[in-house]
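Here is the structure we will look at.
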Amino acid sequence: MAATNAPVLSTRALNRATLERQMLLRRTAVPVKDAVSRLVGLQAQNTRPPYFQLFSRLEGFDPAALSALMESHEVVRIVTLRSTIHTHTAEDALTLRPLVQAARDRELNMFRSGLAGVDLDRLASLARELVEERPRTMKELRERLRLHWPDADPQSLGVAARCRLPLVQVTPRGLWGRSGQVALTTAEHWLDSPPQPAASPDTTVLRYLGAFGPASVKDLQMWAGLTRMREVFERLRPGLLTFRDENGVELFDLPDAPRPDPGTPAPPRFLPEFDNVLLGHADRTRVIPPAYKGRNGVGNQSYGSVLADGFLAALWRLDQTADEAVVTVQALGDLGAATRDQITREAVDLLTVMAPAPAHDVRFAPFIDFGG
């Protein structure tokens, strides 16, 4: 718990601080690669969300700019934080992946029964040879590894390769307007780089606070999928500011980080499924009102989120054919006429940039039945 004399930050204050750092209070004119670095990566379980994340944050965003960085190997798709795929700069891919290796080792422990008799060091060596010979699909990789361990569980063999090696998804997978199956090679091979030392935990905490703060130790641990980070915060404490949230939880922040007035206007923003601003904290009430907890995702299915006045207020989906692109917005509560108009204008901008078609339409209608 925080010291009782630490200043209290309201939920709205935390909301505005986080949105400012996430470039969601106003679009920012920075190069795409710099934005990916500033955000410490983009959640990328699906291929299109990183593009929509950047559209909502950058002035004049062109999806081709991110694709060009992927084709030139300056950004890559790789499993890192929380054991999920992220789009990272090449530099972050090479250093964040070893930072979370201990978490990948713990994940692998859950598959021990399917790996009885498997020499994991040998498996990693064989898998590296295979994917560096040429990019392989996971199916190909499992089949080749089963030649050495025919009694092992095939799924577990694939998980072992993914956990032990920094595997990147090679292009054309992830390119805008293109399709391609998942084919894998190592980050070192794809980026023509020797292995790099793990990113410093101290530096990573500071970068996290710069993009997501003010935040608690648990917030950082949830974002990164790491444990036992309290000692890092304690080491950094002399150079940080501390606050409390409305529940008394201690929050840390960079001294020179922006903390806008809670009354700062926050325009509507369309976020794709799995946007990190919705996932980057243990306590997500700074963006998701308690009444809407779980509404933007059910089970493994996640939906696009519309922020209004900085908070989750609606869901959205995009349906596109050769002739028409339609954004459908499902309000989670009463939006009011002015907010609907603002959301409509933002949706039109999204359609113009991200879904060019002969005809566009924005509709307010339910498309998910929550029951009850």
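Ordered as shown in the structure tokens, chains take letters A, B, and onward, while each chain numbers its residues from 1 and ligands are numbered from 1 in the order shown.
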
Selection: 9 Å around A:Thr339, only C-alpha atoms, excl. self and same-chain fewer than 4 positions, as a PyMOL selection string: chain A and resi 268+308-309+335+343-344

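Relative to atom CA of A:Phe270, atom CA of A:Gly210 is found at 22.1 Å.
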
Enumerate the residues of stretch 152-213 of chain A with a DSSP assignment of helix (DSSP H, G or I), computed from the backbone, and present them as JSON, numbers by chain. {"A": [154, 155, 156, 157, 158, 159, 160, 161, 162, 163, 164, 187, 188, 189, 190, 201, 202, 203, 204, 205, 206, 207, 208, 209, 210, 211, 212]}

Pick out the residues sitting within 10 Å of A:Ser83, and hand them over as a PyMOL selection string; count only C-alpha atoms, and ignore anything fewer than 6 positions along from it in its own chain. chain A and resi 97+100-101+103-104+107+162-163+224-225

Which residues are close to A:Gln45, i.e. within 10 Å by only C-alpha atoms, leaving aside same-chain residues fewer than 6 positions away? Reply as a ChimeraX atom specification. /A:77-79,84-87,273-275

For A:Thr203, please output as a count of residues only all residues within 12 Å (counting only C-alpha atoms; exclusion window: fewer than 3 positions along the same chain). 18

Skipping near chain neighbours, those fewer than 2 positions away, what residues fall within 10 Å of A:Gln53 using only C-alpha atoms, listed as an MDAnalysis selection string? chainID A and resid 22 24 36 42:44 48:51 55:58 269:277
